[in-house]
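work21.pdb follows (PDB, C-alpha atoms):
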```
ATOM      1  CA  MET A   1       1.610  25.074 -62.525
ATOM      2  CA  ALA A   2       2.351  27.037 -59.342
ATOM      3  CA  ALA A   3       2.203  23.904 -57.200
ATOM      4  CA  GLN A   4       4.639  22.143 -59.530
ATOM      5  CA  LYS A   5       7.127  25.029 -59.305
ATOM      6  CA  ILE A   6       6.843  25.073 -55.508
ATOM      7  CA  ASN A   7       7.587  21.346 -55.400
ATOM      8  CA  GLU A   8      10.602  21.862 -57.659
ATOM      9  CA  ALA A   9      11.819  24.618 -55.369
ATOM     10  CA  HIS A  10      11.635  22.355 -52.328
ATOM     11  CA  GLU A  11      13.505  19.644 -54.236
ATOM     12  CA  HIS A  12      16.335  22.119 -54.924
ATOM     13  CA  ILE A  13      16.392  23.155 -51.263
ATOM     14  CA  ALA A  14      16.639  19.489 -50.230
ATOM     15  CA  LYS A  15      19.592  19.064 -52.594
ATOM     16  CA  ALA A  16      21.189  22.219 -51.157
ATOM     17  CA  GLU A  17      20.852  20.914 -47.617
ATOM     18  CA  LYS A  18      22.420  17.642 -48.704
ATOM     19  CA  CYS A  19      25.371  19.579 -50.148
ATOM     20  CA  LEU A  20      25.919  21.203 -46.770
ATOM     21  CA  LYS A  21      26.131  17.934 -44.838
ATOM     22  CA  THR A  22      29.484  16.498 -43.841
ATOM     23  CA  SER A  23      30.558  12.913 -43.192
ATOM     24  CA  LEU A  24      33.641  10.798 -42.537
ATOM     25  CA  THR A  25      34.532  11.018 -46.216
ATOM     26  CA  LYS A  26      33.300  14.571 -46.788
ATOM     27  CA  TRP A  27      34.824  16.971 -44.298
ATOM     28  CA  LYS A  28      33.698  20.287 -45.779
ATOM     29  CA  PRO A  29      30.265  21.486 -46.925
ATOM     30  CA  ASP A  30      29.919  22.131 -50.653
ATOM     31  CA  PHE A  31      28.876  25.763 -50.439
ATOM     32  CA  ASP A  32      29.084  26.450 -54.182
ATOM     33  CA  SER A  33      26.672  23.630 -55.044
ATOM     34  CA  ALA A  34      24.342  24.660 -52.208
ATOM     35  CA  ALA A  35      24.292  28.231 -53.525
ATOM     36  CA  SER A  36      23.486  26.969 -57.012
ATOM     37  CA  GLU A  37      20.563  24.888 -55.722
ATOM     38  CA  TYR A  38      19.188  27.845 -53.735
ATOM     39  CA  ALA A  39      19.416  30.007 -56.876
ATOM     40  CA  LYS A  40      17.308  27.447 -58.750
ATOM     41  CA  ALA A  41      14.864  27.295 -55.851
ATOM     42  CA  ALA A  42      14.549  31.092 -55.869
ATOM     43  CA  VAL A  43      13.627  31.097 -59.571
ATOM     44  CA  CYS A  44      11.000  28.411 -58.991
ATOM     45  CA  PHE A  45       9.465  30.324 -56.083
ATOM     46  CA  LYS A  46       9.467  33.524 -58.120
ATOM     47  CA  ASN A  47       7.718  31.796 -61.056
ATOM     48  CA  ALA A  48       5.137  30.488 -58.585
ATOM     49  CA  LYS A  49       4.708  34.088 -57.265
ATOM     50  CA  GLN A  50       5.876  32.988 -53.814
ATOM     51  CA  TYR A  51       7.953  36.139 -53.379
ATOM     52  CA  GLU A  52       8.621  35.825 -49.656
ATOM     53  CA  GLN A  53      10.143  32.369 -50.134
ATOM     54  CA  ALA A  54      11.977  33.538 -53.266
ATOM     55  CA  LYS A  55      13.751  36.359 -51.436
ATOM     56  CA  ASP A  56      14.735  33.972 -48.622
ATOM     57  CA  ALA A  57      16.212  31.601 -51.201
ATOM     58  CA  TYR A  58      18.136  34.448 -52.864
ATOM     59  CA  LEU A  59      19.550  35.480 -49.501
ATOM     60  CA  LYS A  60      20.566  31.886 -48.764
ATOM     61  CA  GLU A  61      22.258  31.787 -52.152
ATOM     62  CA  ALA A  62      24.181  34.966 -51.293
ATOM     63  CA  GLU A  63      25.050  33.605 -47.851
ATOM     64  CA  TYR A  64      26.616  30.434 -49.226
ATOM     65  CA  HIS A  65      28.440  32.309 -51.982
ATOM     66  CA  THR A  66      30.075  34.397 -49.259
ATOM     67  CA  GLU A  67      30.530  31.571 -46.730
ATOM     68  CA  ASN A  68      34.060  31.219 -45.340
ATOM     69  CA  LYS A  69      34.714  34.837 -46.277
ATOM     70  CA  THR A  70      34.257  36.329 -42.824
ATOM     71  CA  TYR A  71      37.808  37.658 -43.160
ATOM     72  CA  PRO A  72      37.767  38.722 -46.826
ATOM     73  CA  PHE A  73      41.202  40.371 -46.650
ATOM     74  CA  LEU A  74      42.588  36.814 -46.616
ATOM     75  CA  ILE A  75      40.810  35.887 -49.860
ATOM     76  CA  LYS A  76      43.134  35.361 -52.787
ATOM     77  CA  GLY A  77      43.020  34.354 -56.412
ATOM     78  CA  LYS A  78      39.969  32.449 -57.564
ATOM     79  CA  GLU A  79      37.927  33.016 -54.385
ATOM     80  CA  GLN A  80      38.497  36.775 -54.519
ATOM     81  CA  LYS A  81      37.074  36.901 -58.040
ATOM     82  CA  LYS A  82      33.806  35.406 -56.772
ATOM     83  CA  MET A  83      33.176  38.203 -54.288
ATOM     84  CA  PRO A  84      31.635  40.744 -56.742
ATOM     85  CA  GLU A  85      29.247  38.031 -57.934
ATOM     86  CA  ALA A  86      28.267  37.283 -54.334
ATOM     87  CA  ILE A  87      27.617  41.000 -53.720
ATOM     88  CA  GLN A  88      25.331  41.048 -56.763
ATOM     89  CA  TYR A  89      23.287  38.233 -55.234
ATOM     90  CA  ILE A  90      22.989  40.145 -51.966
ATOM     91  CA  GLU A  91      21.854  43.286 -53.826
ATOM     92  CA  LYS A  92      19.306  41.188 -55.692
ATOM     93  CA  ALA A  93      17.959  39.866 -52.398
ATOM     94  CA  CYS A  94      17.842  43.422 -51.008
ATOM     95  CA  MET A  95      15.727  44.587 -53.927
ATOM     96  CA  MET A  96      13.238  41.853 -53.149
ATOM     97  CA  TYR A  97      13.189  42.833 -49.471
ATOM     98  CA  MET A  98      12.395  46.420 -50.494
ATOM     99  CA  GLU A  99       9.677  45.330 -52.907
ATOM    100  CA  ASN A 100       8.076  43.174 -50.233
ATOM    101  CA  GLY A 101       8.013  45.803 -47.516
ATOM    102  CA  THR A 102      10.968  44.819 -45.318
ATOM    103  CA  PRO A 103      13.424  47.713 -45.860
ATOM    104  CA  ASP A 104      15.212  47.236 -42.519
ATOM    105  CA  THR A 105      16.322  43.773 -43.577
ATOM    106  CA  ALA A 106      17.428  45.188 -46.937
ATOM    107  CA  ALA A 107      19.537  47.880 -45.235
ATOM    108  CA  MET A 108      21.193  45.374 -42.905
ATOM    109  CA  ALA A 109      22.012  43.120 -45.865
ATOM    110  CA  LEU A 110      23.535  46.085 -47.748
ATOM    111  CA  ASP A 111      25.631  46.923 -44.689
ATOM    112  CA  ARG A 112      26.835  43.324 -44.541
ATOM    113  CA  ALA A 113      27.672  43.391 -48.250
ATOM    114  CA  GLY A 114      29.662  46.588 -47.709
ATOM    115  CA  LYS A 115      31.741  44.916 -44.994
ATOM    116  CA  LEU A 116      32.428  41.945 -47.268
ATOM    117  CA  ILE A 117      33.535  43.982 -50.277
ATOM    118  CA  GLU A 118      35.391  46.744 -48.381
ATOM    119  CA  PRO A 119      38.821  45.030 -48.328
ATOM    120  CA  ILE A 120      38.594  44.384 -52.074
ATOM    121  CA  ASN A 121      36.692  47.326 -53.581
ATOM    122  CA  LEU A 122      36.407  50.534 -51.546
ATOM    123  CA  GLU A 123      34.307  52.338 -54.179
ATOM    124  CA  LYS A 124      31.658  49.604 -54.113
ATOM    125  CA  ALA A 125      31.691  49.567 -50.319
ATOM    126  CA  VAL A 126      31.000  53.334 -50.264
ATOM    127  CA  ASP A 127      28.086  52.798 -52.645
ATOM    128  CA  LEU A 128      26.610  50.002 -50.497
ATOM    129  CA  TYR A 129      26.979  51.918 -47.215
ATOM    130  CA  GLN A 130      25.354  54.996 -48.756
ATOM    131  CA  LYS A 131      22.482  52.916 -50.138
ATOM    132  CA  ALA A 132      21.951  51.286 -46.735
ATOM    133  CA  ALA A 133      22.021  54.714 -45.059
ATOM    134  CA  GLY A 134      19.455  55.974 -47.549
ATOM    135  CA  VAL A 135      17.107  53.091 -46.752
ATOM    136  CA  PHE A 136      17.372  53.721 -43.001
ATOM    137  CA  GLU A 137      16.916  57.473 -43.530
ATOM    138  CA  ASN A 138      13.712  56.889 -45.511
ATOM    139  CA  GLU A 139      12.456  54.841 -42.558
ATOM    140  CA  ASP A 140      13.338  57.690 -40.126
ATOM    141  CA  ARG A 141      15.940  55.501 -38.433
ATOM    142  CA  LEU A 142      18.552  58.242 -38.312
ATOM    143  CA  ARG A 143      20.832  56.637 -35.724
ATOM    144  CA  GLN A 144      21.414  53.654 -38.003
ATOM    145  CA  ALA A 145      21.633  55.909 -41.068
ATOM    146  CA  VAL A 146      24.270  58.228 -39.587
ATOM    147  CA  GLU A 147      26.441  55.289 -38.523
ATOM    148  CA  LEU A 148      26.523  54.029 -42.116
ATOM    149  CA  LEU A 149      27.169  57.522 -43.456
ATOM    150  CA  GLY A 150      30.179  57.630 -41.145
ATOM    151  CA  LYS A 151      31.536  54.448 -42.700
ATOM    152  CA  ALA A 152      31.100  55.921 -46.178
ATOM    153  CA  SER A 153      32.768  59.232 -45.173
ATOM    154  CA  ARG A 154      35.786  57.402 -43.763
ATOM    155  CA  LEU A 155      36.253  55.418 -46.985
ATOM    156  CA  LEU A 156      35.856  58.556 -49.116
ATOM    157  CA  VAL A 157      38.776  60.057 -47.186
ATOM    158  CA  ARG A 158      40.828  56.897 -47.769
ATOM    159  CA  LEU A 159      40.029  57.168 -51.485
ATOM    160  CA  LYS A 160      41.151  60.843 -51.426
ATOM    161  CA  ARG A 161      37.703  61.916 -52.627
ATOM    162  CA  LEU A 162      37.844  64.759 -50.120
ATOM    163  CA  ASP A 163      35.240  67.047 -51.670
ATOM    164  CA  GLU A 164      32.686  64.233 -51.466
ATOM    165  CA  ALA A 165      33.833  63.408 -47.933
ATOM    166  CA  ALA A 166      33.246  67.014 -46.835
ATOM    167  CA  VAL A 167      29.709  66.930 -48.254
ATOM    168  CA  ALA A 168      29.053  63.569 -46.575
ATOM    169  CA  LEU A 169      30.329  64.889 -43.230
ATOM    170  CA  GLN A 170      28.025  67.894 -43.484
ATOM    171  CA  LYS A 171      25.081  65.520 -43.904
ATOM    172  CA  GLU A 172      26.381  63.440 -40.993
ATOM    173  CA  LYS A 173      26.596  66.509 -38.785
ATOM    174  CA  ASN A 174      23.023  67.515 -39.663
ATOM    175  CA  MET A 175      21.748  64.057 -38.700
ATOM    176  CA  TYR A 176      23.612  64.091 -35.387
ATOM    177  CA  LYS A 177      22.133  67.510 -34.712
ATOM    178  CA  GLU A 178      18.634  66.248 -35.511
ATOM    179  CA  ILE A 179      18.945  63.364 -33.042
ATOM    180  CA  GLU A 180      20.592  65.770 -30.542
ATOM    181  CA  ASN A 181      23.837  63.830 -30.258
ATOM    182  CA  PHE A 182      25.906  66.996 -29.875
ATOM    183  CA  PRO A 183      29.241  65.420 -28.792
ATOM    184  CA  MET A 184      29.345  63.456 -32.062
ATOM    185  CA  CYS A 185      28.127  66.557 -33.848
ATOM    186  CA  PHE A 186      31.206  68.440 -32.572
ATOM    187  CA  LYS A 187      33.462  65.637 -33.752
ATOM    188  CA  VAL A 188      31.974  65.655 -37.245
ATOM    189  CA  ALA A 189      32.149  69.462 -37.284
ATOM    190  CA  GLN A 190      35.892  69.455 -36.686
ATOM    191  CA  LEU A 191      36.397  66.814 -39.383
ATOM    192  CA  PHE A 192      34.423  68.919 -41.835
ATOM    193  CA  VAL A 193      36.578  71.994 -41.233
ATOM    194  CA  PHE A 194      39.736  69.908 -41.339
ATOM    195  CA  ILE A 195      38.858  68.259 -44.644
ATOM    196  CA  SER A 196      37.659  71.564 -46.068
ATOM    197  CA  CYS A 197      41.138  72.939 -45.427
ATOM    198  CA  THR A 198      42.845  69.879 -46.835
ATOM    199  CA  SER A 199      40.843  69.801 -50.052
ATOM    200  CA  PHE A 200      40.877  73.603 -50.478
ATOM    201  CA  LEU A 201      37.102  73.323 -50.703
ATOM    202  CA  HIS A 202      36.412  76.427 -48.628
ATOM    203  CA  SER A 203      38.270  79.567 -47.769
ATOM    204  CA  LEU A 204      38.129  80.782 -44.175
ATOM    205  CA  SER A 205      35.250  83.118 -44.929
ATOM    206  CA  ALA A 206      33.273  80.323 -46.584
ATOM    207  CA  VAL A 207      33.679  78.120 -43.526
ATOM    208  CA  GLN A 208      32.616  80.963 -41.242
ATOM    209  CA  GLN A 209      29.607  81.840 -43.379
ATOM    210  CA  SER A 210      28.472  78.237 -43.622
ATOM    211  CA  GLY A 211      27.389  78.353 -39.978
ATOM    212  CA  PHE A 212      28.657  74.797 -39.613
ATOM    213  CA  HIS A 213      29.768  75.346 -36.018
ATOM    214  CA  CYS A 214      27.804  78.296 -34.786
ATOM    215  CA  SER A 215      24.446  76.547 -34.701
ATOM    216  CA  LEU A 216      25.646  73.827 -32.321
ATOM    217  CA  PRO A 217      24.669  74.297 -28.665
ATOM    218  CA  GLY A 218      27.751  74.249 -26.462
ATOM    219  CA  TYR A 219      30.237  74.338 -29.330
ATOM    220  CA  SER A 220      31.512  77.922 -28.983
ATOM    221  CA  GLY A 221      34.490  78.000 -26.615
ATOM    222  CA  SER A 222      34.752  74.202 -26.382
ATOM    223  CA  GLU A 223      38.034  72.307 -26.855
ATOM    224  CA  ASP A 224      36.887  71.285 -30.345
ATOM    225  CA  CYS A 225      36.089  74.883 -31.259
ATOM    226  CA  VAL A 226      39.431  76.241 -30.009
ATOM    227  CA  ALA A 227      41.359  73.563 -31.890
ATOM    228  CA  MET A 228      39.519  74.247 -35.123
ATOM    229  CA  GLU A 229      39.959  78.019 -34.798
ATOM    230  CA  THR A 230      43.678  77.476 -34.228
ATOM    231  CA  LEU A 231      43.886  75.162 -37.234
ATOM    232  CA  LEU A 232      42.085  77.610 -39.497
ATOM    233  CA  GLN A 233      44.220  80.478 -38.244
ATOM    234  CA  GLY A 234      47.425  78.562 -38.924
ATOM    235  CA  TYR A 235      46.144  77.569 -42.347
ATOM    236  CA  ASP A 236      45.112  81.138 -43.212
ATOM    237  CA  GLU A 237      48.441  82.606 -42.038
ATOM    238  CA  GLN A 238      50.440  79.805 -43.691
ATOM    239  CA  ASP A 239      51.886  78.942 -40.286
ATOM    240  CA  GLU A 240      52.892  75.323 -40.795
ATOM    241  CA  ASP A 241      54.198  74.945 -37.231
ATOM    242  CA  GLN A 242      50.828  75.911 -35.803
ATOM    243  CA  VAL A 243      48.979  73.580 -38.166
ATOM    244  CA  TYR A 244      51.403  70.779 -37.245
ATOM    245  CA  ARG A 245      50.789  71.279 -33.523
ATOM    246  CA  VAL A 246      47.018  71.082 -33.932
ATOM    247  CA  CYS A 247      47.129  68.062 -36.257
ATOM    248  CA  ASN A 248      49.385  66.190 -33.835
ATOM    249  CA  SER A 249      47.334  67.086 -30.770
ATOM    250  CA  PRO A 250      45.408  64.233 -29.087
ATOM    251  CA  LEU A 251      42.113  65.695 -30.328
ATOM    252  CA  LEU A 252      43.017  64.998 -33.965
ATOM    253  CA  LYS A 253      45.807  62.436 -33.639
ATOM    254  CA  TYR A 254      43.531  59.842 -32.059
ATOM    255  CA  MET A 255      40.678  60.167 -34.501
ATOM    256  CA  ASP A 256      39.783  57.286 -36.777
ATOM    257  CA  ASN A 257      42.931  56.077 -38.536
ATOM    258  CA  ASP A 258      41.954  57.435 -41.962
ATOM    259  CA  TYR A 259      41.400  60.931 -40.568
ATOM    260  CA  ALA A 260      44.548  60.778 -38.421
ATOM    261  CA  LYS A 261      46.667  59.936 -41.483
ATOM    262  CA  LEU A 262      45.102  62.848 -43.327
ATOM    263  CA  ALA A 263      45.844  65.153 -40.381
ATOM    264  CA  ILE A 264      49.525  64.221 -40.394
ATOM    265  CA  SER A 265      49.764  64.863 -44.143
ATOM    266  CA  LEU A 266      48.095  68.298 -44.016
ATOM    267  CA  ARG A 267      50.245  71.056 -45.505
ATOM    268  CA  VAL A 268      49.346  74.725 -45.812
ATOM    269  CA  PRO A 269      49.534  76.405 -49.237
ATOM    270  CA  GLY A 270      52.894  78.139 -49.544
ATOM    271  CA  GLY A 271      54.165  76.491 -46.355
ATOM    272  CA  GLY A 272      57.838  75.680 -46.636
ATOM    273  CA  GLY A 273      57.986  73.125 -43.886
ATOM    274  CA  GLY A 274      58.221  75.707 -41.123
ATOM    275  CA  LYS A 275      56.528  78.709 -39.641
ATOM    276  CA  LYS A 276      56.100  81.626 -42.013
ATOM    277  CA  LYS A 277      58.028  84.528 -40.551
ATOM    278  CA  LYS A 278      56.228  87.826 -40.148
ATOM    279  CA  ALA A 279      58.087  90.919 -41.270
ATOM    280  CA  ALA A 280      59.266  93.027 -38.357
ATOM    281  CA  ALA A 281      57.523  96.384 -38.131
ATOM    282  CA  ALA A 282      59.783  99.423 -38.513
ATOM    283  CA  PRO A 283      60.001 101.466 -35.295
ATOM    284  CA  GLN A 284      57.708 104.476 -35.277
ATOM    285  CA  GLY A 285      59.607 107.629 -36.128
ATOM    286  CA  GLY A 286      62.687 105.604 -37.167
ATOM    287  CA  ALA A 287      65.595 106.799 -39.299
ATOM    288  CA  SER A 288      63.552 106.559 -42.472
ATOM    289  CA  GLY A 289      60.837 108.716 -40.953
ATOM    290  CA  ALA A 290      58.236 106.293 -42.321
ATOM    291  CA  PRO A 291      55.282 105.540 -40.038
ATOM    292  CA  ALA A 292      54.921 102.038 -38.632
ATOM    293  CA  PRO A 293      52.765  99.804 -40.854
ATOM    294  CA  GLU A 294      49.203  99.279 -39.740
ATOM    295  CA  GLU A 295      48.450  95.936 -38.137
ATOM    296  CA  GLU A 296      46.510  93.536 -40.327
ATOM    297  CA  GLU A 297      42.926  92.966 -39.309
ATOM    298  CA  ASP A 298      42.563  89.687 -37.389
ATOM    299  CA  ASP A 299      39.972  87.573 -39.150
ATOM    300  CA  TYR A 300      39.721  85.424 -36.016
ATOM    301  CA  GLU A 301      39.076  88.190 -33.531
ATOM    302  CA  GLY A 302      35.999  87.076 -31.654
ATOM    303  CA  GLY A 303      36.333  83.488 -32.840
ATOM    304  CA  LEU A 304      34.632  81.620 -35.637
ATOM    305  CA  CYS A 305      31.115  82.351 -34.453
TER     306      CYS A 305
END
```

Let's see the structure in the file written out as structure tokens.
Amino acid sequence: MAAQKINEAHEHIAKAEKCLKTSLTKWKPDFDSAASEYAKAAVCFKNAKQYEQAKDAYLKEAEYHTENKTYPFLIKGKEQKKMPEAIQYIEKACMMYMENGTPDTAAMALDRAGKLIEPINLEKAVDLYQKAAGVFENEDRLRQAVELLGKASRLLVRLKRLDEAAVALQKEKNMYKEIENFPMCFKVAQLFVFISCTSFLHSLSAVQQSGFHCSLPGYSGSEDCVAMETLLQGYDEQDEDQVYRVCNSPLLKYMDNDYAKLAISLRVPGGGGGKKKKAAAAPQGGASGAPAPEEEEDDYEGGLC
């Protein structure tokens, strides 16, 4: 029985290869038919308990379903509708890679699927990138995991799911810290504070108490630290001019495009499009005889840390 199924599988593969051949009268490979034959081959291999060959056939099926879609933002109409189905095939192949002890291959396939679906379905792309990151993290491959987390964080910002983006950036920062990539850690730290302000997720005191910055070697007093302190100060004092200057500084303006757009759109609560004017203090011993008002305590005295 197993031998018969294996033979059937090879027959389907032969048919698939024939579909891919071109000639004088056939200029383009028939990818759809090839994918169909590989799907049949995968089922035959699976029934014969030849799981390694079955997963390869499933991946080939996914490959030919997605062939000619290297630039998926150009896909229209009927072809675009096939993309979710192709992603399902890739996920199916990834499950088989995981079950058969090759998680790295599964993670790379999930990453590839994320790139394919990103121009069409951002939510699904986030899901795929996060799944791929999780696989790499379980294998202690944090450098690969944090790169995929970064992709997911960027798309969460584009989707305006800022609370989730802030949480994702915190995880990103922790991974960069663990692998001692402190320059990237600083970058993620500033994005976290920035998004926390934008989404009203944390007050100033919450950001300070979180210890997000203070635990980073070399962060205190750095350009990143000064910019973030200035941003938080402007936000806390409802000084829209100050916030505008920071958000349009090279440090933030030339971030990834999704973050840069968010920076430009940042508005402080109660900001009226300009700097909030501070009331002038009455001169001490003035005509009213009232004492000069006490200066407000500076929450930023001494910096964030």

Open item on the list: Considering only C-alpha atoms, can you say which of A:Ala145, A:Ala62, A:Ile87, A:Glu99 comes closest to A:Asn121?
Closed with: A:Ile87

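You can rank A:Gln130, A:Asn257, A:Gln4, A:Gln50 by their closest distance to A:Gly114 using all atoms listed in the file, and at the top of that list sits A:Gln130.
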
Task: Point-to-point distance from atom CA of A:Pro250 to atom CA of A:Asp163, Å rounded to tenths - done: 24.9 Å

Open item on the list: Suppose a student applies the PyMOL selection byres ((chain A and resi 157) around 12) to this structure; what residues should they get, written as a ChimeraX atom specification?
Closed with: /A:122-123,126,150-156,158-169,191-192,194-196,198-199,256-263

Task: Residue IDs satisfying the PyMOL selection byres ((chain A and resi 93) around 6), as an NGL selection string - done: :A and (55 or 58-59 or 90-92 or 94-96)

Considering all atoms listed in the file, return as a PDB file with C-alpha atoms, keeping the file's coordinate frame whatever protein or nucleic-acid residues lie within 9 Å of A:His65, sequence-local ones (same chain, fewer than 5 positions apart) excluded.
```
ATOM      1  CA  PHE A  31      28.876  25.763 -50.439  1.00  0.00           C
ATOM      2  CA  ASP A  32      29.084  26.450 -54.182  1.00  0.00           C
ATOM      3  CA  ALA A  34      24.342  24.660 -52.208  1.00  0.00           C
ATOM      4  CA  ALA A  35      24.292  28.231 -53.525  1.00  0.00           C
ATOM      5  CA  SER A  36      23.486  26.969 -57.012  1.00  0.00           C
ATOM      6  CA  LYS A  60      20.566  31.886 -48.764  1.00  0.00           C
ATOM      7  CA  LYS A  82      33.806  35.406 -56.772  1.00  0.00           C
ATOM      8  CA  MET A  83      33.176  38.203 -54.288  1.00  0.00           C
ATOM      9  CA  GLU A  85      29.247  38.031 -57.934  1.00  0.00           C
ATOM     10  CA  ALA A  86      28.267  37.283 -54.334  1.00  0.00           C
ATOM     11  CA  ILE A  87      27.617  41.000 -53.720  1.00  0.00           C
ATOM     12  CA  TYR A  89      23.287  38.233 -55.234  1.00  0.00           C
TER      13      TYR A  89
END
```

- [ ] Extract, using only C-alpha atoms, all DNA, RNA and protein residues at most 8 Å from A:Phe45, discarding same-chain residues fewer than 6 positions from it, and format them as a ChimeraX atom specification.
- [x] /A:5-6,9,51,53-54

Task: Length of the atom CA of A:Leu116 to atom CA of A:Leu252 vector [Å] - done: 28.6 Å

TODO: Provide the atom CA of A:Lys131 to atom CA of A:Tyr38 distance in Å, to one decimal place.
DONE: 25.5 Å

Given the PyMOL selection byres ((chain A and resi 174-178) around 9), the residues it picks as a PDB file with C-alpha atoms, in the frame of the given file:
```pdb
ATOM      1  CA  LEU A 142      18.552  58.242 -38.312  1.00  0.00           C
ATOM      2  CA  ARG A 143      20.832  56.637 -35.724  1.00  0.00           C
ATOM      3  CA  ALA A 145      21.633  55.909 -41.068  1.00  0.00           C
ATOM      4  CA  VAL A 146      24.270  58.228 -39.587  1.00  0.00           C
ATOM      5  CA  LEU A 169      30.329  64.889 -43.230  1.00  0.00           C
ATOM      6  CA  GLN A 170      28.025  67.894 -43.484  1.00  0.00           C
ATOM      7  CA  LYS A 171      25.081  65.520 -43.904  1.00  0.00           C
ATOM      8  CA  GLU A 172      26.381  63.440 -40.993  1.00  0.00           C
ATOM      9  CA  LYS A 173      26.596  66.509 -38.785  1.00  0.00           C
ATOM     10  CA  ILE A 179      18.945  63.364 -33.042  1.00  0.00           C
ATOM     11  CA  GLU A 180      20.592  65.770 -30.542  1.00  0.00           C
ATOM     12  CA  ASN A 181      23.837  63.830 -30.258  1.00  0.00           C
ATOM     13  CA  PHE A 182      25.906  66.996 -29.875  1.00  0.00           C
ATOM     14  CA  PRO A 183      29.241  65.420 -28.792  1.00  0.00           C
ATOM     15  CA  MET A 184      29.345  63.456 -32.062  1.00  0.00           C
ATOM     16  CA  CYS A 185      28.127  66.557 -33.848  1.00  0.00           C
ATOM     17  CA  VAL A 188      31.974  65.655 -37.245  1.00  0.00           C
ATOM     18  CA  LEU A 216      25.646  73.827 -32.321  1.00  0.00           C
TER      19      LEU A 216
END
```

Task: Close residues, A:Gln242 itself excluded, 9 Å, all atoms listed in the file, min 6 positions apart in chain, as a list in words - done: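 Listing them by chain and then by number gives Thr230, Leu231, Gln233, Gly234, Tyr235 and Lys275 of chain A.
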
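Nearest to A:Ala107 of all the residues A:Leu148, A:Tyr254, A:Ala3, A:Lys28 is A:Leu148, counting only C-alpha atoms.
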
What are the centre and edge lengths in Å, to one decimal, of the axis-aligned box around all listed atoms of stretch 221-233 of chain A with 8 Å added on each side, as lines of an AutoDock Vina configuration file?
```
center_x = 39.4
center_y = 75.9
center_z = -32.9
size_x = 25.7
size_y = 25.2
size_z = 29.1
```
